[in-house]
Amino acid sequence: YHTLRRSPGHLTVVLCRDHDSAFKNGSFDGDHETGSSLGGWSIHDGSSSIISSILDESANSRRSTFSNHDDLGGDEFTCTKKNDFGSSPSSCPSPLLSNDVAALPLANGRSSFSTSATMVGTSPPATIELFQYAICPFCNKTKAFLDYSGLPYTSIEVNPLTKAEIKWSKDYRKVPIGRLSSTSNNDDDAKEETSSVIFKGSDDIVDGLLAEEWVIQQLEQTKWADTDMTMSKFLQDQKEWIEYTNEKLAVLLYPNLCPTLSASYQAFSYVDSVDTFSAWQRFSIRTVGSFAMYMAASRVKKKHNIEDERLALQEVLKTPVQHLSDNQQSFLSGQSEPHLGDLAVFGALKGIQGTAIHAEILEGQPILAAWYQRMQEKVSGQ
C-alpha cells in the first residue's frame, strides 16, 4: 500500500504492508478517508490517487523523489503483488481458478494487439516487455492502455503449461508481467548498464507506467495534444470500472468461452499462430489446456452459482450500456477521449474478439457495439 502525505513544498510517501500501520505507528491518529486533510496534510491512499493528486497540483510536480524513511520501515522503491483495490485480481489466470490449472489462457487467438505503436518525437528512454497470454483479459487490459498511449512494446507469449518464458520470475508465476528496462552509461568504465523494474499484474503495470514522466508526456503532449483530456480526467472513476472489469466481467468470460469440451478446444486454436511454440508444444497446449480450462470454467460456474452463463454475461454488460445510455456519452469517461475505465472494459472484451460469443454480445447490444467501434478507432485506429 502507498499512503501520501503532502503539504506545500513537501512530499512524504509511506510504503507499508498493512494499510492501517501508517495510522497506528504514530504517523496519523484515527481513520481518514482518501483526500481528507489532517493537520495541514493532504492524505491520498493508493498509487493512482497519489499520482492524480500530484498532477492536479502543478505541472512541475510530476516527478517526486521517494525517500527512504527508516522510522517508517519504507523502501526507496517497491512493487507489490497486491493492487490498489484490495483483493481485486489483475492477472491472468483469475485467482478463482485452482492452482493446478491456473496458468491457462482463455480463448482463441484470432485477435491480437499491434506491437508496432510508435511515439512521436524522440525514442522512449526505456523498453517495455509484456509477458502475456494473447487473449487473457488482464493482459489485454494492459495492451489496450499501451496501444492507446502509443507506447512501443514487445509481447512475449508464455507457454501456459511450462511457463518457461517467465522462469526467471521465481515468486510470481502469473501473467501479465511487465518489464521496464533502461540503459545508462557507467562514468567509471564507459560501459553501458541495463537496469529493469518488474511489474506484476495489469493494474500494477499501468500504475507503474503512469509514474514515468516520459509516459505522462506522451499522453499529454502527443495523444491529448488537440483535446480537452487531462490526466485527472483520465484517472476519474477508474476504481469503479477496473473493479467491475476484474471482478464481474472477466470472471464470466471463462464459462462463456468454454461451456463444452469442443468449444474449449476451439478456444485454444490461438496457439497455432504462435511461431515461438514448436509443433509438439502447440499440440500439448491445445489438448491438455482445453480440457483443463473446461474443468476450470465448470468450477467457476459452480462457485458463483451461475446457471446460464450467457444470461449472466448479458446482465453484467448492462452496467456500461446503461451508463452510456443514461448520459448519452460516446465513452464511459464522458469526454471526447476514453479514460482508464474505458480501456479496461474494452481490453477484456477485445480478448475474445473473433469468437461467436463476442459477435453475439455486440449484435444484441447496439449501444455497446457503437462504443466498441469508437474504442477500436481510438486504441488501434481500426
# chains A, B, ... in the order shown; residues from 1 in each chain; ligands from 1
call {"tool": "closest_atom_pairs", "arguments": {"of": "range 222-320 of chain A", "to": "range 204-213 of chain A", "cutoff": "12 Å", "atoms": "only C-alpha atoms", "output": "CSV"}}
result
residue,atom,partner,partner_atom,distance
A:Met231,CA,A:Leu210,CA,9.5
A:Ser232,CA,A:Leu210,CA,11.9
A:Phe234,CA,A:Leu210,CA,10.9
A:Leu235,CA,A:Leu210,CA,10.2
A:Gln238,CA,A:Asp207,CA,11.4
A:Ile242,CA,A:Val206,CA,11.6
call {"tool": "write_last_selection", "arguments": {"atoms": "N, CA, C and O atoms", "output": "PDB file, in the first residue's frame"}}
result
ATOM      1  N   MET A 231      -4.856  14.336 -17.300  1.00  0.00           N
ATOM      2  CA  MET A 231      -4.565  13.154 -16.511  1.00  0.00           C
ATOM      3  C   MET A 231      -5.616  12.938 -15.429  1.00  0.00           C
ATOM      4  O   MET A 231      -5.984  11.792 -15.121  1.00  0.00           O
ATOM      5  N   SER A 232      -6.088  14.006 -14.843  1.00  0.00           N
ATOM      6  CA  SER A 232      -7.121  13.881 -13.823  1.00  0.00           C
ATOM      7  C   SER A 232      -8.386  13.243 -14.388  1.00  0.00           C
ATOM      8  O   SER A 232      -8.987  12.354 -13.772  1.00  0.00           O
ATOM      9  N   PHE A 234      -8.499  11.372 -17.048  1.00  0.00           N
ATOM     10  CA  PHE A 234      -8.141  10.021 -17.491  1.00  0.00           C
ATOM     11  C   PHE A 234      -8.254   9.021 -16.338  1.00  0.00           C
ATOM     12  O   PHE A 234      -8.630   7.866 -16.540  1.00  0.00           O
ATOM     13  N   LEU A 235      -7.928   9.459 -15.129  1.00  0.00           N
ATOM     14  CA  LEU A 235      -7.968   8.580 -13.964  1.00  0.00           C
ATOM     15  C   LEU A 235      -9.312   8.608 -13.232  1.00  0.00           C
ATOM     16  O   LEU A 235      -9.516   7.846 -12.291  1.00  0.00           O
ATOM     17  N   GLN A 238     -11.729   5.439 -12.179  1.00  0.00           N
ATOM     18  CA  GLN A 238     -11.032   4.224 -12.594  1.00  0.00           C
ATOM     19  C   GLN A 238     -11.277   3.068 -11.637  1.00  0.00           C
ATOM     20  O   GLN A 238     -11.377   1.913 -12.046  1.00  0.00           O
ATOM     21  N   ILE A 242     -12.439  -0.523 -13.076  1.00  0.00           N
ATOM     22  CA  ILE A 242     -11.448  -1.589 -13.015  1.00  0.00           C
ATOM     23  C   ILE A 242     -11.945  -2.715 -12.108  1.00  0.00           C
ATOM     24  O   ILE A 242     -11.771  -3.901 -12.416  1.00  0.00           O
TER      25      ILE A 242
END
call {"tool": "residues_around", "arguments": {"residues": "Leu349 in chain A", "least_positions_apart": "2", "cutoff": "9 Å", "atoms": "only C-alpha atoms", "output": "list in words"}}
result
Pro137, Asn140, Leu249, Ala250, Leu253, Ala344, Val345, Phe346, Gly347, Gly351, Ile352, Gln353, His358 and Tyr372 of chain A
call {"tool": "residues_around", "arguments": {"residues": "Asp147 in chain A", "least_positions_apart": "4", "cutoff": "7 Å", "atoms": "only C-alpha atoms", "output": "JSON, numbers by chain"}}
result
{"A": [117, 143, 151, 379, 380]}
call {"tool": "closest_residue", "arguments": {"among": "A:Trp214, A:Tyr148, A:Tyr265, A:Tyr172", "to": "Pro124 in chain A", "atoms": "only C-alpha atoms"}}
result
A:Trp214
call {"tool": "atom_distance", "arguments": {"atom1": "CA of Gly381 in chain A", "atom2": "CA of Lys318 in chain A"}}
result
26.2 Å
call {"tool": "closest_residue", "arguments": {"among": "A:Lys163, A:Lys303, A:Lys378, A:Arg310", "to": "Ser330 in chain A", "atoms": "only C-alpha atoms"}}
result
A:Lys378
call {"tool": "atom_distance", "arguments": {"atom1": "CA of Val158 in chain A", "atom2": "CA of Arg179 in chain A"}}
result
14.1 Å
call {"tool": "atom_distance", "arguments": {"atom1": "CA of Asp228 in chain A", "atom2": "CA of Ser333 in chain A"}}
result
12.1 Å
call {"tool": "closest_residue", "arguments": {"among": "A:Ala263, A:Met229, A:Ile177, A:Val251", "to": "Val316 in chain A", "atoms": "only C-alpha atoms"}}
result
A:Val251
call {"tool": "closest_residue", "arguments": {"among": "A:Pro320, A:Pro255, A:Pro338, A:Gly354", "to": "Ser269 in chain A", "atoms": "only C-alpha atoms"}}
result
A:Gly354
call {"tool": "select_by_dssp", "arguments": {"residues": "range 145-321 of chain A", "states": "helix (DSSP H, G or I)", "output": "PyMOL selection string"}}
result
chain A and resi 145-149+164-166+202-210+213-223+231-235+238-257+261-273+279-303+309-316+318-321
call {"tool": "residues_around", "arguments": {"residues": "Tyr133 in chain A", "least_positions_apart": "3", "cutoff": "7 Å", "atoms": "only C-alpha atoms", "output": "ChimeraX atom specification"}}
result
/A:105,136,139,157-158
call {"tool": "write_last_selection", "arguments": {"atoms": "C-alpha atoms", "output": "compact mmCIF listing (two decimals), in the first residue's frame"}}
result
# COMPACT_ATOMS: atom_id res chain seq x y z
CA PRO A 105 -5.23 -18.85 -21.32
CA CYS A 136 -6.05 -13.19 -21.39
CA CYS A 139 -3.18 -8.94 -20.48
CA GLU A 157 3.88 -15.23 -25.47
CA VAL A 158 4.12 -17.52 -22.44
call {"tool": "closest_residue", "arguments": {"among": "A:Thr142, A:Ile135, A:Leu161, A:Glu315", "to": "Tyr254 in chain A", "atoms": "only C-alpha atoms"}}
result
A:Ile135
call {"tool": "residues_around", "arguments": {"residues": "Ile357 in chain A", "least_positions_apart": "3", "cutoff": "8 Å", "atoms": "only C-alpha atoms", "output": "list of chain:residue names"}}
result
A:Asn256, A:Leu257, A:Ile352, A:Glu360, A:Ile361
call {"tool": "write_last_selection", "arguments": {"atoms": "C-alpha atoms", "output": "mmCIF file, in the first residue's frame"}}
result
data_model
loop_
_atom_site.group_PDB
_atom_site.id
_atom_site.type_symbol
_atom_site.label_atom_id
_atom_site.label_comp_id
_atom_site.auth_asym_id
_atom_site.auth_seq_id
_atom_site.Cartn_x
_atom_site.Cartn_y
_atom_site.Cartn_z
ATOM 1 C CA ASN A 256 -18.838 -18.392 -21.765
ATOM 2 C CA LEU A 257 -15.721 -19.306 -23.743
ATOM 3 C CA ILE A 352 -12.464 -12.602 -27.184
ATOM 4 C CA GLU A 360 -23.331 -12.385 -30.130
ATOM 5 C CA ILE A 361 -22.627 -9.760 -27.472
#
